Every structure is written in C-alpha cells, then in structure tokens.
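This report refers to the structure that appears directly beneath it.
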Amino acid sequence: MVSTNEYVPHAAGYVDNKGPKIVTSRFPHEDSHTLVRALATGGYDGLKDAIRRTPADVAGEVKNAVLLGRGGAGFPAGIKWGFMPPVWPRYLVVNGDESEPGTYKDRLLMERDPHQLIEGCVIACYALGLNQCFLYVRGEMAVAQERIAQALNDAYAAGYVGKNILGTDVSIDVVLHWGAGAYIVGEETALIESLEGNRGMPRLKPPFFPAAKGLYMKPTIVNNVETLANLPWLMVNGADKFKTYGSEKSPGTRMLAISGHVNRPGVYEVEQGVVTFRDLFYGEQYCQGIKDGNELKAFVPGGGSAPWFFEDQLDVPIEASEVGPQGSMLGSGAIMVMDETTDIVKACLRLVRFYARESCGKCTPCREGTAWEEKVLQRILDGHGRPEDLDLLLEIGQSISPGVYPVAGFKGEDLDPVPFPPKQTTICPLGPSSVAPITSAVRRFRSEFEALIPETVVLENLS
Amino acid sequence: MSRLNTANETLAKEIIARYPRPKSALIPLLHLAQEQDGYVADDAMLHLAELVGVEPAEVLGTCTFYEMFKREPVGKYILNICTNLSCQLTGGEELLHHAEKTLGIRPGDISDDGLFTIEDVECIAACTEAPCMQVNYRYEYRLSTDDFDQVISDIRAGKRKDLPEHGTLGLVRQHIPADRLAGIESPEEAGTPDWFASRQPAPDESGKA
C-alpha cells in the first residue's frame, strides 16, 4: 500500500489526496484489478446487497442519491433510468469511449478496478430489469480491454455475472465490446450506431432518444464508466451517506484530471462543490502551483469542448451547477491549464483541428465549418491571415452555433458571462464544441491573433 | 491477402454469438482480421460479410470510418504520438518532429526497415502524463526525446517482448463458457426476464404498480 500524498506508481497519474474515496478506494493496491483483491476489499458486496432488494428499491436508492452522470452532460442517472418505457427487451450500454481532449479517468477506472465497474453494471442491469449489457471500451485502450476481459472471465466463473448470479435466478450477461478509434462514438446515439456495427454517426433526437429508441430501436440506457463505478459503494453505504459528500446539488465525488502547466498534474478524486479551481491549481494536496512559478493565462474547465476560464473564474467551485452559469461546463472532469508562455493561437488551432478531424461528416455546418475554421486559423498562424479572418472565424461559428456563444465573464472589460450550453444547427454537440476555443480565445486574446495578421499593403503602379 | 483462417473463423463465430444481431460483431471482427494479417485485407472483409450476413460494401463502410483499421500494411509497431492540447503544452509536437527526423518518415509512412509507422494522433487519455505515446496501443508516459530514442533502440534490439505486433489488441479475450451464459436472444424474441417479473411489487389498492 502507498500511504503518502503522492503519485501511486502503478496507477499512472493518480494522486491519493487523502480525501474521501468512493471510486478509487482500491487504487493504492498494486493488484487492484484482480478478483482476489476485489473480494478482499468488499468487492461484490454492493451486488449482494442489491439483489436482496427489489429492482425498484435499488433504482430508488440511485435516484435518491442524485448521482449525476459523470460523462459530460451531468444528467442525474436515476432520472435518466426513469425515462425507460415498460418495453422489453431493453439494454444497458456502458460508455467507455473516453476521448474528450484532456480526459483521463475512465481508463484508470477500467484498468485499475474493472471489478468495481462490472459490479456497477450488474447492479444497474438488475435495477433496470434487463439481462444484456454491452461494455463499449475505446479501441486504443488495449490494457483496459485486457483487464476487463480477465475480470469478466473471473467474475463469470465465480458467479457474479452470467447465469444464476450469486445462486439466485437472476441472470445477466455483460459483453465486452471494442471500439476502433472515433471520438464521435462517445456521443450516445453514435455509440449505439457503432454497437450495431455501423459507421458511428449520431441519430437525430427526437425521435431517437436512447431511453425510448436505442440499440436495435429498443429502450437503452447509456451510462458513463465513472457513473456506474459509483454504484457498488452506493449500495453498501446508501444514498444518505453518499449525500454527506459533495454539495447539495452535486453529491459525491468527481474524478478530475488536471494537466498542462501545473507542478503536479494528476488525477484526483475530489468532493464536488467543495474545492475551487484555485484550490486545485495551487493547493499543496493537489497541483502545487503553476509550473515554474508562472502566471496563469487560461484554463479549460471541462474538456476540449468547454469554453475557457481565466483568473476571474479561479474561485468557482468544482460543480456543474456553478460552472454552467459562469459560461462553461464541468463536462468530463478534464482541466487543462495554460500558463503565460502559452501560444494562444496555436492552442486554439490544435483544439479546432481536433474537431475538424473528428467530425463524422453527417451535418453540413460541422463537416464544412470545422474544416474552414481549421484552414483559417492555420493561415493566420502561418502569417498569411487576412484582416477579415477573425470576423470570418466568428461568422463560421455562427453557422454552426447561432446566437451568442457561451463565454466566461471578464471584470476588466465589464463583460458578463454567457451561460452554457450553446445553440446548434447540428445533430450533436461536436460542431458547436469547435466554436468554444475560438470564441474564448478571440474574445480574450484578440490582439495575439491580430499580431500575426500582416497589414494589407495596396500595391500601386504595378505596370 | 486472406480470409480468416479456421481458428479465427471459430473465434469469429463465438464473438458473433455474443450479440443479439450478428452485425454488431463487425468492429471486433475487423480487429480480428487485422490481428491475423496486420491490416484489414479485402478478402477478409468479404469473409466477414458472409459471416455476419451483410453486403461487403457495408463491411467496407464500417471499416473506413474507424481510424484504427488499416487497409494497407503498416509498420510492425505503430507509434501514436499525441499532439492534442495537454501534450502540445508539454512538448508533444517537438516529440513528433523528433520522431519524424529520427525515423526519416512522416506520419502514415513506414520506416525503411518495415518496423515503424508513426501517427499524429488525438487525445489518448493520458493527459496528466503528457507528452505521451502509444506503441501498438500500449503507453509510454512523460516521454522526452531521449526516452523516445531508448524505446526505438529497445524495440530494434528485440528487448520489448511486452509489445505485441501491430494488429493484436488485447492479449486476453472474453470467453463465456456455455453453462455460464445467461442467454443472448434476438431483439425480436427477447422479452422481460422472468427474474424481473417475479420481483415486481404487488399492486396496491389504488391499482398502481
């Protein structure tokens, strides 16, 4: 066991910050991924508890706990579950396609504690009255797939999954599915398309809300890995205890990955709504300050799709209901810190390029718009920008996401925040996400873009 | 190159049986084809179309959407170097340029010795460990250019037995013994599980469930 407030060597990036542990309690053990370790530390006790109760009772416990989805949208899992019409068959699909820029938490949960996730899946299946669960793991995560495959094989053999679970009549299959590299598949309807063997393109909602028409057009719940990983603890300890952690609106903990220009980047399990961004960046038990003693320039509070925050927002608590009105989102718990040395135009281009590369091509505003955003930013960076390019960038953004785009406030210029989320002319939020870095960077650092754009020289007397 | 060999065809059928509809197995089966040949061969796609009962064009359509599937041979080791924001801030682009110079290739190319292909990839979920790289989808964290050179020389010297050749994804597979399977049915045939029906609360006097 590692007992210091330090990196845990076998769980790359994870820092045990001595706070409450709901999903990372086994991480300090080097063999945390094995059935032996799981069983020695209360593994599958939550399932035993659940199966003694009625499915409705288990679902009620999850609803009472106000377990907000940990994938990005932050919708309460218990309420999402309640949207399922009384139609069978129905399916549970686990979203393990973690690929939002800056996000590193689900992979840790899958590699370090696959049994906790599997137990969470079976508890959810039991509560929802369904017997088929598909665990969609991102293709690039070979070790996570190996660990889950081994854990499933062990759990099937030991009677925690499969036919007659724990000797009862309850029978549930959990199938490991492999992705193959496509960010868009993290969107729930695209995930379902992909799981049907198709190109991973999102479906229009309505009518294709997964809870009503999902996998094979049957009711389907798509839950994030971290969301389900909370369930074993929740079953053993109950909703009331769960609510003693975090804030009233956002109980429990979040896994946060803080990367970029900080002294100790890492993945921390943090109580929601209790600590602020300032605590995280400068606190001794967290990131221990900005790299090289530099000044903070900007930070991304919730993954590449989130509008940027600045020093004005440092005291905002880490909680979806606080971050949203301030003009961004907590998203997938991915915080990226940029110090004063950061080339803002390059950083903006890199994020935009991500969306241009990952656009699935289904909706025209996104397919064409993200590509043009990238081209225009690239030519600005290359020194070939035109005076009208900044307005052009914002205009392209308008055709993907019309209206005033969410941005953080800026006291210095008396700018008020525009609350999240943005509007969209597209089926899914990928295209509108590409507008976030542009709007954030151009509004705050316009001069850095302008400095790269050469002055127009009118040539006369060419003859 | 080739269709699936007998052992892989058996494996393919086992994978297909885990899904309510055969086409759902397509991505895992494309991985299987890639594991066999190092890339997804045209004949293998024809074979997969037969196995899951769809048109070959549908297999091609799915295959071409996902960037892990290579339709031509690649190096024995794919080096995925991340240049997304967290890695960019900590030297990912410099690492990519170093790799290009050292191996004398651009992203997508194969090195002369056939060992390496480099790719400029998007976020691979190791942002706190930036800059990072995957070698055949296994991680190298906080990689300096010296560390990169060490990885390359170790692979050339045959010291990295932990790395499977390109195509092999997980070294462990899920296997559900027949007597442990709860039962996979097609969506048309499956209904409410008996165990769930028997665990419903009795209707109360107002007639509500």
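Residue numbering restarts at 1 in every chain; chains get A, B, ... in the order shown in the structure tokens, and ligands count up from 1 in that same order.
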
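Excluding Leu390 in chain A itself and same-chain residues fewer than 4 positions from it, the residues having an atom within 12 Å of it are A:Val345, A:Glu373, A:Val376, A:Leu377, A:Arg379, A:Ile380, A:Gly385, A:Arg386, A:Leu394, A:Glu395, A:Ile396, A:Gly397, A:Ile438, A:Thr439, A:Ala441, A:Val442, A:Arg443, A:Phe445, A:Arg446, A:Ser447, A:Glu448, A:Phe449, A:Glu450, A:Ala451, A:Leu452, A:Ile453, counting only C-alpha atoms.
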
> Counting only C-alpha atoms, which residues of chain B come no farther than 6 Å from chain A, as a PyMOL selection string?
Replying inline: chain B and resi 23-24+26+28+62+65-68+86+89+123+125-128+137+169-170+172-174+180-182+190-192+195-196+199

>> I want to know what sits within 12 Å of Asp37 in chain B, based on only C-alpha atoms, with residues of the same chain fewer than 6 positions away left out; could you give that as number ranges by chain?
In response: B: 1-5, 8, 30-31, 43-45, 69-74, 76, 165-168

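Pairwise distance (CA of Leu191 in chain A, CA of Pro301 in chain A) equals 24.6 Å.
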
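Taking only chain B, the residues that DSSP calls strand (DSSP E) from the backbone come to Tyr77, Ile78, Leu79, Asn80, Ile81, Cys82, Phe116, Thr117, Ile118, Glu119, Asp120, Val121, Met133, Gln134, Val135, Arg138, Tyr139 and Glu140 of chain B.
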
> Do you have the CA of Asp49 in chain A-CA of Pro251 in chain A distance handy?
Replying inline: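 Between CA of Asp49 in chain A and CA of Pro251 in chain A the gap works out to 21.5 Å.
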
>> Report, in Å to a single decimal, how far apart CA of Ile290 in chain A and CA of Gly92 in chain B are.
In response: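 Going from CA of Gly92 in chain B over to CA of Ile290 in chain A covers 19.1 Å.
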
>> For the structure I just gave you, how does DSSP split range 52-288 of chain A - specifically, which residues are alpha helix (DSSP H)? Reply as a PyMOL selection string.
In response: chain A and resi 52+55-64+77-82+106-112+114-128+142-157+188-195+225-229+231-242+277-282

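Closest approach to Pro317 in chain A from the set A:Arg278, A:Arg70, A:Arg367, A:Lys18 is made by A:Arg278, with distances taken over only C-alpha atoms.
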